[in-house]
Structures are given as C-alpha cells and as structure tokens.
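Participant: Here you go, this is protein_38.pdb (PDB, C-alpha atoms and all ligand atoms).
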```
ATOM      1  CA  MET A   1      62.373 -45.642  30.268  1.00  0.00           C
ATOM      2  CA  ILE A   2      60.032 -45.827  33.242  1.00  0.00           C
ATOM      3  CA  ILE A   3      56.348 -45.965  32.318  1.00  0.00           C
ATOM      4  CA  ALA A   4      53.736 -46.091  35.048  1.00  0.00           C
ATOM      5  CA  GLY A   5      50.529 -46.201  33.053  1.00  0.00           C
ATOM      6  CA  MET A   6      49.124 -46.742  29.579  1.00  0.00           C
ATOM      7  CA  VAL A   7      45.915 -45.978  27.714  1.00  0.00           C
ATOM      8  CA  LYS A   8      46.019 -48.263  24.705  1.00  0.00           C
ATOM      9  CA  THR A   9      43.736 -46.244  22.441  1.00  0.00           C
ATOM     10  CA  SER A  10      42.764 -42.595  22.757  1.00  0.00           C
ATOM     11  CA  LEU A  11      40.955 -40.336  20.301  1.00  0.00           C
ATOM     12  CA  ILE A  12      41.350 -37.166  22.369  1.00  0.00           C
ATOM     13  CA  ASP A  13      44.992 -36.868  23.444  1.00  0.00           C
ATOM     14  CA  PHE A  14      46.734 -36.273  20.101  1.00  0.00           C
ATOM     15  CA  PRO A  15      44.866 -33.811  17.847  1.00  0.00           C
ATOM     16  CA  GLY A  16      43.546 -35.609  14.757  1.00  0.00           C
ATOM     17  CA  LYS A  17      45.254 -38.886  15.622  1.00  0.00           C
ATOM     18  CA  ILE A  18      44.443 -42.250  17.170  1.00  0.00           C
ATOM     19  CA  ALA A  19      47.046 -42.581  19.893  1.00  0.00           C
ATOM     20  CA  THR A  20      48.405 -44.705  22.673  1.00  0.00           C
ATOM     21  CA  VAL A  21      49.131 -42.673  25.810  1.00  0.00           C
ATOM     22  CA  LEU A  22      52.065 -43.521  28.085  1.00  0.00           C
ATOM     23  CA  PHE A  23      52.377 -41.984  31.549  1.00  0.00           C
ATOM     24  CA  THR A  24      55.742 -41.360  33.196  1.00  0.00           C
ATOM     25  CA  PRO A  25      55.973 -41.173  36.988  1.00  0.00           C
ATOM     26  CA  GLY A  26      57.226 -38.235  39.065  1.00  0.00           C
ATOM     27  CA  CYS A  27      56.769 -34.483  38.709  1.00  0.00           C
ATOM     28  CA  ASP A  28      58.671 -31.365  39.735  1.00  0.00           C
ATOM     29  CA  TYR A  29      55.401 -29.489  40.365  1.00  0.00           C
ATOM     30  CA  ASN A  30      52.648 -30.233  42.855  1.00  0.00           C
ATOM     31  CA  CYS A  31      49.462 -28.701  41.452  1.00  0.00           C
ATOM     32  CA  PHE A  32      46.647 -29.144  43.953  1.00  0.00           C
ATOM     33  CA  TYR A  33      44.252 -30.094  41.107  1.00  0.00           C
ATOM     34  CA  CYS A  34      46.553 -32.743  39.585  1.00  0.00           C
ATOM     35  CA  HIS A  35      44.581 -35.623  38.087  1.00  0.00           C
ATOM     36  CA  ASN A  36      47.595 -37.925  38.166  1.00  0.00           C
ATOM     37  CA  ARG A  37      48.501 -37.676  41.828  1.00  0.00           C
ATOM     38  CA  GLU A  38      49.161 -41.407  42.081  1.00  0.00           C
ATOM     39  CA  LEU A  39      51.812 -40.899  39.379  1.00  0.00           C
ATOM     40  CA  ILE A  40      53.536 -37.980  41.062  1.00  0.00           C
ATOM     41  CA  GLU A  41      53.529 -39.595  44.515  1.00  0.00           C
ATOM     42  CA  ASN A  42      54.140 -43.236  43.684  1.00  0.00           C
ATOM     43  CA  VAL A  43      57.069 -43.612  41.331  1.00  0.00           C
ATOM     44  CA  GLU A  44      57.643 -47.298  42.136  1.00  0.00           C
ATOM     45  CA  ASP A  45      54.602 -48.870  40.516  1.00  0.00           C
ATOM     46  CA  THR A  46      55.752 -49.229  36.906  1.00  0.00           C
ATOM     47  CA  LEU A  47      54.860 -51.259  33.828  1.00  0.00           C
ATOM     48  CA  ASP A  48      57.149 -53.665  31.970  1.00  0.00           C
ATOM     49  CA  ILE A  49      58.803 -51.585  29.229  1.00  0.00           C
ATOM     50  CA  ASN A  50      59.404 -54.699  27.095  1.00  0.00           C
ATOM     51  CA  GLU A  51      55.672 -55.428  27.098  1.00  0.00           C
ATOM     52  CA  ILE A  52      54.918 -51.837  26.089  1.00  0.00           C
ATOM     53  CA  GLU A  53      57.396 -51.977  23.228  1.00  0.00           C
ATOM     54  CA  ALA A  54      55.983 -55.336  22.102  1.00  0.00           C
ATOM     55  CA  PHE A  55      52.478 -53.822  22.180  1.00  0.00           C
ATOM     56  CA  LEU A  56      53.599 -50.847  20.080  1.00  0.00           C
ATOM     57  CA  LYS A  57      55.294 -53.105  17.538  1.00  0.00           C
ATOM     58  CA  LYS A  58      52.134 -55.218  17.288  1.00  0.00           C
ATOM     59  CA  ARG A  59      49.889 -52.185  16.730  1.00  0.00           C
ATOM     60  CA  GLN A  60      51.979 -50.682  13.937  1.00  0.00           C
ATOM     61  CA  GLY A  61      49.615 -49.408  11.252  1.00  0.00           C
ATOM     62  CA  LEU A  62      46.593 -49.413  13.584  1.00  0.00           C
ATOM     63  CA  ILE A  63      47.595 -46.444  15.735  1.00  0.00           C
ATOM     64  CA  ASP A  64      48.886 -43.130  14.399  1.00  0.00           C
ATOM     65  CA  GLY A  65      50.818 -41.806  17.339  1.00  0.00           C
ATOM     66  CA  VAL A  66      52.113 -42.143  20.879  1.00  0.00           C
ATOM     67  CA  VAL A  67      51.646 -39.487  23.557  1.00  0.00           C
ATOM     68  CA  ILE A  68      54.176 -39.294  26.365  1.00  0.00           C
ATOM     69  CA  THR A  69      52.620 -37.584  29.349  1.00  0.00           C
ATOM     70  CA  GLY A  70      52.979 -37.624  33.089  1.00  0.00           C
ATOM     71  CA  GLY A  71      53.849 -36.694  35.663  1.00  0.00           C
ATOM     72  CA  GLU A  72      56.549 -34.728  33.931  1.00  0.00           C
ATOM     73  CA  PRO A  73      58.247 -36.716  31.144  1.00  0.00           C
ATOM     74  CA  THR A  74      61.209 -34.337  30.744  1.00  0.00           C
ATOM     75  CA  LEU A  75      62.542 -35.483  34.139  1.00  0.00           C
ATOM     76  CA  HIS A  76      63.431 -38.859  32.588  1.00  0.00           C
ATOM     77  CA  LYS A  77      66.970 -39.033  31.195  1.00  0.00           C
ATOM     78  CA  ASP A  78      66.163 -41.643  28.564  1.00  0.00           C
ATOM     79  CA  LEU A  79      63.161 -39.752  27.194  1.00  0.00           C
ATOM     80  CA  ILE A  80      64.751 -38.827  23.866  1.00  0.00           C
ATOM     81  CA  PRO A  81      66.107 -42.305  22.973  1.00  0.00           C
ATOM     82  CA  PHE A  82      62.692 -43.703  23.884  1.00  0.00           C
ATOM     83  CA  LEU A  83      60.886 -41.162  21.682  1.00  0.00           C
ATOM     84  CA  LEU A  84      63.244 -41.934  18.797  1.00  0.00           C
ATOM     85  CA  LYS A  85      62.605 -45.651  19.212  1.00  0.00           C
ATOM     86  CA  ILE A  86      58.844 -44.992  19.046  1.00  0.00           C
ATOM     87  CA  LYS A  87      59.371 -43.000  15.847  1.00  0.00           C
ATOM     88  CA  GLN A  88      61.400 -45.878  14.408  1.00  0.00           C
ATOM     89  CA  TYR A  89      58.344 -48.084  14.940  1.00  0.00           C
ATOM     90  CA  GLY A  90      56.524 -45.689  12.603  1.00  0.00           C
ATOM     91  CA  TYR A  91      54.517 -43.617  15.103  1.00  0.00           C
ATOM     92  CA  MET A  92      54.160 -39.881  15.373  1.00  0.00           C
ATOM     93  CA  THR A  93      55.048 -38.592  18.825  1.00  0.00           C
ATOM     94  CA  LYS A  94      53.433 -36.023  21.093  1.00  0.00           C
ATOM     95  CA  LEU A  95      55.029 -34.779  24.294  1.00  0.00           C
ATOM     96  CA  ASP A  96      52.971 -33.260  27.126  1.00  0.00           C
ATOM     97  CA  SER A  97      55.056 -31.134  29.491  1.00  0.00           C
ATOM     98  CA  ASN A  98      54.683 -28.546  32.211  1.00  0.00           C
ATOM     99  CA  GLY A  99      57.427 -26.608  30.439  1.00  0.00           C
ATOM    100  CA  SER A 100      59.844 -26.686  33.345  1.00  0.00           C
ATOM    101  CA  ASN A 101      62.809 -28.017  31.330  1.00  0.00           C
ATOM    102  CA  PRO A 102      63.580 -25.844  28.281  1.00  0.00           C
ATOM    103  CA  GLU A 103      66.938 -27.611  27.874  1.00  0.00           C
ATOM    104  CA  VAL A 104      65.239 -30.981  27.436  1.00  0.00           C
ATOM    105  CA  ILE A 105      62.724 -29.484  24.999  1.00  0.00           C
ATOM    106  CA  THR A 106      65.642 -28.015  23.032  1.00  0.00           C
ATOM    107  CA  ALA A 107      67.299 -31.437  22.964  1.00  0.00           C
ATOM    108  CA  CYS A 108      64.027 -33.007  21.753  1.00  0.00           C
ATOM    109  CA  ILE A 109      63.855 -30.419  18.968  1.00  0.00           C
ATOM    110  CA  ASN A 110      67.482 -30.986  17.964  1.00  0.00           C
ATOM    111  CA  ALA A 111      66.919 -34.746  17.886  1.00  0.00           C
ATOM    112  CA  LYS A 112      63.642 -34.327  15.921  1.00  0.00           C
ATOM    113  CA  ALA A 113      62.120 -36.649  18.501  1.00  0.00           C
ATOM    114  CA  VAL A 114      58.704 -34.988  18.856  1.00  0.00           C
ATOM    115  CA  ASP A 115      56.059 -34.134  16.252  1.00  0.00           C
ATOM    116  CA  TYR A 116      53.721 -32.184  18.531  1.00  0.00           C
ATOM    117  CA  TYR A 117      54.139 -30.559  21.940  1.00  0.00           C
ATOM    118  CA  ALA A 118      51.519 -29.568  24.518  1.00  0.00           C
ATOM    119  CA  ILE A 119      52.788 -27.197  27.202  1.00  0.00           C
ATOM    120  CA  ASP A 120      50.827 -26.184  30.298  1.00  0.00           C
ATOM    121  CA  TYR A 121      50.586 -22.548  31.288  1.00  0.00           C
ATOM    122  CA  LYS A 122      49.087 -22.686  34.733  1.00  0.00           C
ATOM    123  CA  ALA A 123      48.793 -19.195  36.194  1.00  0.00           C
ATOM    124  CA  PRO A 124      49.816 -15.585  35.711  1.00  0.00           C
ATOM    125  CA  ALA A 125      53.518 -15.095  36.361  1.00  0.00           C
ATOM    126  CA  HIS A 126      53.055 -13.546  39.814  1.00  0.00           C
ATOM    127  CA  ARG A 127      50.914 -16.522  40.968  1.00  0.00           C
ATOM    128  CA  TYR A 128      52.793 -19.350  39.239  1.00  0.00           C
ATOM    129  CA  LEU A 129      54.479 -20.799  42.304  1.00  0.00           C
ATOM    130  CA  GLU A 130      51.308 -20.435  44.376  1.00  0.00           C
ATOM    131  CA  ILE A 131      49.285 -22.514  41.876  1.00  0.00           C
ATOM    132  CA  ALA A 132      51.839 -25.019  40.498  1.00  0.00           C
ATOM    133  CA  ARG A 133      53.964 -25.243  43.680  1.00  0.00           C
ATOM    134  CA  GLY A 134      56.951 -27.620  43.823  1.00  0.00           C
ATOM    135  CA  ASN A 135      59.843 -26.185  41.798  1.00  0.00           C
ATOM    136  CA  ALA A 136      57.628 -24.146  39.507  1.00  0.00           C
ATOM    137  CA  ASP A 137      59.466 -21.284  37.791  1.00  0.00           C
ATOM    138  CA  VAL A 138      57.421 -19.327  35.287  1.00  0.00           C
ATOM    139  CA  GLU A 139      60.525 -18.029  33.496  1.00  0.00           C
ATOM    140  CA  GLN A 140      61.482 -21.582  32.518  1.00  0.00           C
ATOM    141  CA  VAL A 141      58.000 -22.196  31.135  1.00  0.00           C
ATOM    142  CA  LYS A 142      58.114 -18.962  29.146  1.00  0.00           C
ATOM    143  CA  ARG A 143      61.547 -19.939  27.791  1.00  0.00           C
ATOM    144  CA  THR A 144      60.162 -23.307  26.688  1.00  0.00           C
ATOM    145  CA  ILE A 145      57.291 -21.631  24.841  1.00  0.00           C
ATOM    146  CA  GLN A 146      59.612 -19.098  23.201  1.00  0.00           C
ATOM    147  CA  ILE A 147      61.941 -21.885  22.030  1.00  0.00           C
ATOM    148  CA  LEU A 148      59.006 -23.739  20.455  1.00  0.00           C
ATOM    149  CA  ILE A 149      57.967 -20.555  18.658  1.00  0.00           C
ATOM    150  CA  ASP A 150      61.484 -19.655  17.519  1.00  0.00           C
ATOM    151  CA  THR A 151      62.103 -23.145  16.122  1.00  0.00           C
ATOM    152  CA  ARG A 152      58.637 -23.289  14.488  1.00  0.00           C
ATOM    153  CA  GLN A 153      57.457 -26.436  16.211  1.00  0.00           C
ATOM    154  CA  PHE A 154      53.882 -27.704  16.114  1.00  0.00           C
ATOM    155  CA  PHE A 155      52.538 -27.099  19.592  1.00  0.00           C
ATOM    156  CA  GLU A 156      49.745 -25.904  21.819  1.00  0.00           C
ATOM    157  CA  VAL A 157      49.630 -24.149  25.170  1.00  0.00           C
ATOM    158  CA  ARG A 158      46.999 -25.398  27.611  1.00  0.00           C
ATOM    159  CA  THR A 159      45.419 -23.781  30.628  1.00  0.00           C
ATOM    160  CA  THR A 160      43.099 -25.553  33.020  1.00  0.00           C
ATOM    161  CA  VAL A 161      40.575 -22.938  34.079  1.00  0.00           C
ATOM    162  CA  ILE A 162      40.634 -23.645  37.799  1.00  0.00           C
ATOM    163  CA  PRO A 163      38.175 -21.607  39.882  1.00  0.00           C
ATOM    164  CA  GLN A 164      41.096 -19.871  41.617  1.00  0.00           C
ATOM    165  CA  LEU A 165      41.951 -18.034  38.359  1.00  0.00           C
ATOM    166  CA  SER A 166      39.935 -14.850  37.794  1.00  0.00           C
ATOM    167  CA  ILE A 167      39.236 -13.451  34.335  1.00  0.00           C
ATOM    168  CA  GLU A 168      41.888 -10.826  35.139  1.00  0.00           C
ATOM    169  CA  ASP A 169      44.393 -13.643  35.789  1.00  0.00           C
ATOM    170  CA  LEU A 170      43.439 -15.340  32.524  1.00  0.00           C
ATOM    171  CA  ILE A 171      43.834 -12.087  30.591  1.00  0.00           C
ATOM    172  CA  GLN A 172      47.238 -11.531  32.137  1.00  0.00           C
ATOM    173  CA  MET A 173      48.284 -15.070  31.196  1.00  0.00           C
ATOM    174  CA  ALA A 174      47.147 -14.670  27.602  1.00  0.00           C
ATOM    175  CA  ASP A 175      48.781 -11.264  27.410  1.00  0.00           C
ATOM    176  CA  GLU A 176      52.144 -12.146  28.968  1.00  0.00           C
ATOM    177  CA  LEU A 177      52.820 -14.930  26.447  1.00  0.00           C
ATOM    178  CA  PRO A 178      53.787 -14.314  22.836  1.00  0.00           C
ATOM    179  CA  THR A 179      51.066 -15.322  20.358  1.00  0.00           C
ATOM    180  CA  VAL A 180      51.028 -19.116  20.226  1.00  0.00           C
ATOM    181  CA  PRO A 181      49.711 -21.324  17.393  1.00  0.00           C
ATOM    182  CA  LYS A 182      47.005 -22.796  19.603  1.00  0.00           C
ATOM    183  CA  TYR A 183      45.883 -21.855  23.123  1.00  0.00           C
ATOM    184  CA  VAL A 184      43.527 -24.393  24.672  1.00  0.00           C
ATOM    185  CA  LEU A 185      41.272 -23.789  27.673  1.00  0.00           C
ATOM    186  CA  ASN A 186      40.394 -26.930  29.646  1.00  0.00           C
ATOM    187  CA  PRO A 187      37.559 -26.909  32.184  1.00  0.00           C
ATOM    188  CA  TYR A 188      38.455 -27.777  35.768  1.00  0.00           C
ATOM    189  CA  THR A 189      37.145 -31.068  37.108  1.00  0.00           C
ATOM    190  CA  LYS A 190      37.670 -32.234  40.654  1.00  0.00           C
ATOM    191  CA  PRO A 191      40.394 -34.886  40.953  1.00  0.00           C
ATOM    192  CA  SER A 192      39.501 -38.113  42.763  1.00  0.00           C
ATOM    193  CA  LEU A 193      42.799 -38.103  44.675  1.00  0.00           C
ATOM    194  CA  PHE A 194      44.112 -34.972  46.410  1.00  0.00           C
ATOM    195  CA  LEU A 195      45.968 -33.814  49.490  1.00  0.00           C
ATOM    196  CA  GLU A 196      43.866 -33.401  52.612  1.00  0.00           C
ATOM    197  CA  GLU A 197      45.109 -29.853  53.132  1.00  0.00           C
ATOM    198  CA  ASP A 198      43.885 -28.944  49.637  1.00  0.00           C
ATOM    199  CA  GLN A 199      40.267 -29.934  50.307  1.00  0.00           C
ATOM    200  CA  GLU A 200      39.042 -26.327  50.370  1.00  0.00           C
ATOM    201  CA  LEU A 201      40.793 -25.491  47.074  1.00  0.00           C
ATOM    202  CA  ILE A 202      39.469 -28.651  45.445  1.00  0.00           C
ATOM    203  CA  GLU A 203      35.870 -28.006  46.491  1.00  0.00           C
ATOM    204  CA  MET A 204      35.623 -24.523  44.993  1.00  0.00           C
ATOM    205  CA  PRO A 205      32.823 -24.602  42.404  1.00  0.00           C
ATOM    206  CA  PRO A 206      34.141 -24.726  38.837  1.00  0.00           C
ATOM    207  CA  TYR A 207      33.293 -22.199  36.154  1.00  0.00           C
ATOM    208  CA  SER A 208      30.442 -23.290  33.883  1.00  0.00           C
ATOM    209  CA  GLU A 209      31.006 -24.055  30.209  1.00  0.00           C
ATOM    210  CA  SER A 210      29.175 -20.863  29.251  1.00  0.00           C
ATOM    211  CA  GLN A 211      31.436 -18.793  31.543  1.00  0.00           C
ATOM    212  CA  ILE A 212      34.534 -20.348  29.979  1.00  0.00           C
ATOM    213  CA  LYS A 213      33.125 -19.641  26.506  1.00  0.00           C
ATOM    214  CA  GLU A 214      32.684 -15.997  27.519  1.00  0.00           C
ATOM    215  CA  PHE A 215      36.263 -15.933  28.842  1.00  0.00           C
ATOM    216  CA  ALA A 216      37.509 -17.404  25.564  1.00  0.00           C
ATOM    217  CA  GLU A 217      35.878 -14.594  23.578  1.00  0.00           C
ATOM    218  CA  ILE A 218      37.666 -12.005  25.724  1.00  0.00           C
ATOM    219  CA  LEU A 219      40.978 -13.878  25.610  1.00  0.00           C
ATOM    220  CA  LYS A 220      40.898 -14.028  21.804  1.00  0.00           C
ATOM    221  CA  LEU A 221      41.840 -10.342  21.904  1.00  0.00           C
ATOM    222  CA  TYR A 222      45.195 -11.450  23.362  1.00  0.00           C
ATOM    223  CA  GLN A 223      45.586 -14.962  21.924  1.00  0.00           C
ATOM    224  CA  PRO A 224      43.687 -15.230  18.635  1.00  0.00           C
ATOM    225  CA  ASN A 225      44.181 -18.993  18.294  1.00  0.00           C
ATOM    226  CA  MET A 226      42.035 -19.839  21.292  1.00  0.00           C
ATOM    227  CA  GLU A 227      40.222 -23.208  21.512  1.00  0.00           C
ATOM    228  CA  LEU A 228      37.990 -24.849  24.087  1.00  0.00           C
ATOM    229  CA  ILE A 229      37.989 -28.495  25.186  1.00  0.00           C
ATOM    230  CA  PHE A 230      34.579 -29.638  26.433  1.00  0.00           C
TER
HETATM  231  S1  LIG B 301      52.463 -30.420  36.370  1.00  0.00           S
HETATM  232 FE1  LIG B 301      50.887 -31.885  35.727  1.00  0.00          FE
HETATM  233  S2  LIG B 301      51.552 -33.870  36.534  1.00  0.00           S
HETATM  234 FE2  LIG B 301      52.738 -32.272  37.593  1.00  0.00          FE
HETATM  235  S3  LIG B 301      51.576 -31.882  39.479  1.00  0.00           S
HETATM  236 FE3  LIG B 301      50.888 -30.388  37.945  1.00  0.00          FE
HETATM  237  S4  LIG B 301      49.084 -31.329  36.963  1.00  0.00           S
HETATM  238 FE4  LIG B 301      50.204 -32.975  38.055  1.00  0.00          FE
END
```
As structure tokens, please, write out the structure in this file.

Facilitator:
Amino acid sequence: MIIAGMVKTSLIDFPGKIATVLFTPGCDYNCFYCHNRELIENVEDTLDINEIEAFLKKRQGLIDGVVITGGEPTLHKDLIPFLLKIKQYGYMTKLDSNGSNPEVITACINAKAVDYYAIDYKAPAHRYLEIARGNADVEQVKRTIQILIDTRQFFEVRTTVIPQLSIEDLIQMADELPTVPKYVLNPYTKPSLFLEEDQELIEMPPYSESQIKEFAEILKLYQPNMELIF
C-alpha cells in the first residue's frame, strides 16, 4: 500500500473516535479547491509502510480507528488487504472517497473492510464535471451512495460549500440524492496550493458561517439528516 502522509492523532476525522489518518497519493478528479494538491500531483513522495504498520501496532489500545483518505484511496489495488490488516490490529476503519469507484466500494462492503464511509458529493449533476474535473462522473458517485444505502452501511455524504455553488445548486444536490443517514456541509477555505489558472476561482469570497447555517435550514427539507462542520 502506498501512503504519502500521516496524521498520528486526530479528533475530527472519524466521528466519535480518536484516529490516525493515512493519506494515499493520486486522484482521478482535479477539484480546483483541493487541499491535498501535493498528494494528487506528486505520487512519488511516500512513507515507509513498514514504519506505519509498526506505529499502528505500537498504538493498539490508544487509538480507536484509522482513516484512509487521499487523494482517492479506491485507486489503490491493495486497499482492501491493507484495510483488513488494520482491522486485524484491532482498529475501526473509515474510508474517505470521492465516490468514483462503486465497484471498489462494493468489494470493501463484501470484505467487511470498512466500518464507516465518507463520500463527497461535489456539485449538482449537470455541473459535476465542471467542478470536480478529471474523470468525474456523477452517475458513478450516485451509484456508490445507492450501494451504501442498499447495504445499510454507516456513512455520510459531504459537500464543501464552495462559493461557486448557489443555493439553487445546493438544493438540487440535496434533492437529487436519496435520503442519506448524514449529510455534512463543510465551509470552503482557500487551499495554500492551487493551479495558477484557478486563481480567480480560488479567490472568490467564501460564504459566511451564518449563510451556510441558513442554507442548512433550507436543505433540511430535502435531506433531514443535515449537519454542519465549523
Ligand atoms: S476528489 Fe478530493 S483529493 Fe481528489 S482532487 Fe478533489 S478534493 Fe482533491
């Protein structure tokens, strides 16, 4: 398994759990507001997997779970064996994904490799490719979410409220998905690293917390399990 970054202890990445966060390199999307651009552009700079496994073994009993995030973890062929190894060490597992690989999510479910999923939903269907770029295909993301619902997994859907999304876009997004167990709105913050041609997009002023709270109240009509992350 290729791991390009690690946060040893996090209280915010796995709901209700103390977690170690592992970052995989590479992504099939190219969101202009990506906060992990060094991960999606530089897939060579990796950590020693033996050291990571030794760290996890040493911290058994002190940490509840391990979050695999990216980049896009489902692009890595040895993801499931790695998740199962982490579970063997006694950790709960959380997988963050852009939802682009429903087949891999199905395989994770079949292998019982993941305890909690977080799936991004980035834009209304008609703007998905414009916002997420790369190989983004909204139908794959919707399939992923439907599979998680049908198989009764623990999961959340997350939307970063970038300034390019209007309230009409957000309503459409909430409305075009089936009801999910948890729909999280994240505020947009400017990434430190971005493409030069995206400067204008990056500099657009973000919505305020109070605006996002107002949006959340409206969106609850479509997704009742709405939560905010501030
Ligand atoms: S899907 Fe996530 S990791 Fe990939 S480019 Fe978008 S924000 Fe970055």

Participant: Return as AutoDock Vina command-line options the centre and edge lengths, in Å with one decimal, of the box along x, y and z that encloses every atom of stretch 13-29 of chain A in the file, padded by 4 Å per side.

Facilitator:
```
--center_x 51.1 --center_y -37.1 --center_z 27.6 --size_x 23.1 --size_y 23.2 --size_z 33.6
```

Participant: I need the residue nearest A:Ile2 from this list: A:Glu44, A:Glu103, A:Glu176, A:Asp28. Use all atoms listed in the file for the distance.

Facilitator: A:Glu44

Participant: For the structure shown, which residues end up in the PyMOL selection byres (((not hetatm)) within 9 of (chain B and resi 301))? Put them as a ChimeraX atom specification, please?

Facilitator: /A:25-37,39-40,69-72,96-100,120,122,131-134,136

Participant: Suppose you want the space between atom CA of A:Gln88 and atom CA of A:Ile119; what is it in Å?

Facilitator: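 Value for the atom CA of A:Gln88-atom CA of A:Ile119 distance: 24.2 Å.
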
Participant: Taking (47.9, -46.7, 14.4) in the coordinates of the supplied file, I want to know which residues reach to within 9 Å of it, counting all atoms listed in the file; could you give the answer as an MDAnalysis selection string?

Facilitator: chainID A and resid 17:20 59:66 90:91

Participant: Kindly save the residues from that selection, with C-alpha atoms included, as a tab-separated table (two decimals), in the frame of the given file.

Facilitator:
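The resulting file, selection-v6.tsv, is shown below:
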```tsv
chain	number	residue	atom	x	y	z
A	17	LYS	CA	45.25	-38.89	15.62
A	18	ILE	CA	44.44	-42.25	17.17
A	19	ALA	CA	47.05	-42.58	19.89
A	20	THR	CA	48.40	-44.70	22.67
A	59	ARG	CA	49.89	-52.18	16.73
A	60	GLN	CA	51.98	-50.68	13.94
A	61	GLY	CA	49.62	-49.41	11.25
A	62	LEU	CA	46.59	-49.41	13.58
A	63	ILE	CA	47.60	-46.44	15.74
A	64	ASP	CA	48.89	-43.13	14.40
A	65	GLY	CA	50.82	-41.81	17.34
A	66	VAL	CA	52.11	-42.14	20.88
A	90	GLY	CA	56.52	-45.69	12.60
A	91	TYR	CA	54.52	-43.62	15.10
```

Participant: Just stretch 94-152 of chain A, please, as a tab-separated table (two decimals), in the first residue's frame (only C-alpha atoms).

Facilitator:
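The new file out01.tsv reads:
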```tsv
chain	number	residue	atom	x	y	z
A	94	LYS	CA	-13.06	4.78	7.96
A	95	LEU	CA	-12.72	5.30	4.23
A	96	ASP	CA	-12.96	8.76	2.63
A	97	SER	CA	-13.75	8.62	-1.08
A	98	ASN	CA	-14.93	10.82	-3.92
A	99	GLY	CA	-17.30	8.00	-4.82
A	100	SER	CA	-15.86	7.42	-8.27
A	101	ASN	CA	-15.39	3.65	-7.85
A	102	PRO	CA	-18.63	1.89	-6.83
A	103	GLU	CA	-17.05	-1.48	-7.66
A	104	VAL	CA	-14.29	-0.94	-5.11
A	105	ILE	CA	-16.81	0.24	-2.51
A	106	THR	CA	-18.84	-2.92	-3.19
A	107	ALA	CA	-15.71	-5.02	-2.70
A	108	CYS	CA	-14.98	-3.19	0.58
A	109	ILE	CA	-18.52	-3.95	1.75
A	110	ASN	CA	-18.27	-7.61	0.76
A	111	ALA	CA	-14.94	-7.92	2.58
A	112	LYS	CA	-16.33	-6.08	5.65
A	113	ALA	CA	-13.19	-3.95	5.45
A	114	VAL	CA	-14.70	-0.58	6.38
A	115	ASP	CA	-16.72	0.50	9.43
A	116	TYR	CA	-17.61	4.00	8.23
A	117	TYR	CA	-17.58	5.69	4.83
A	118	ALA	CA	-17.48	9.39	3.94
A	119	ILE	CA	-18.40	10.15	0.33
A	120	ASP	CA	-18.06	13.56	-1.32
A	121	TYR	CA	-20.92	14.98	-3.33
A	122	LYS	CA	-19.38	17.95	-5.05
A	123	ALA	CA	-21.91	19.63	-7.33
A	124	PRO	CA	-25.32	19.24	-8.92
A	125	ALA	CA	-25.30	16.55	-11.59
A	126	HIS	CA	-25.23	18.99	-14.52
A	127	ARG	CA	-22.15	20.78	-13.08
A	128	TYR	CA	-20.26	17.77	-11.71
A	129	LEU	CA	-17.55	17.62	-14.35
A	130	GLU	CA	-17.14	21.40	-14.32
A	131	ILE	CA	-16.44	21.43	-10.56
A	132	ALA	CA	-14.66	18.09	-9.94
A	133	ARG	CA	-12.98	17.87	-13.37
A	134	GLY	CA	-10.63	14.96	-14.17
A	135	ASN	CA	-12.66	11.79	-14.78
A	136	ALA	CA	-15.59	12.90	-12.66
A	137	ASP	CA	-18.83	11.05	-13.48
A	138	VAL	CA	-21.77	11.89	-11.26
A	139	GLU	CA	-23.56	8.64	-12.10
A	140	GLN	CA	-20.74	6.64	-10.51
A	141	VAL	CA	-20.95	8.74	-7.36
A	142	LYS	CA	-24.72	8.28	-7.19
A	143	ARG	CA	-24.26	4.52	-7.65
A	144	THR	CA	-21.77	4.46	-4.78
A	145	ILE	CA	-24.21	6.27	-2.50
A	146	GLN	CA	-27.09	3.99	-3.51
A	147	ILE	CA	-24.98	0.90	-2.81
A	148	LEU	CA	-24.13	2.20	0.67
A	149	ILE	CA	-27.82	2.79	1.34
A	150	ASP	CA	-28.95	-0.56	-0.06
A	151	THR	CA	-26.38	-2.47	2.00
A	152	ARG	CA	-27.13	-0.42	5.15
```
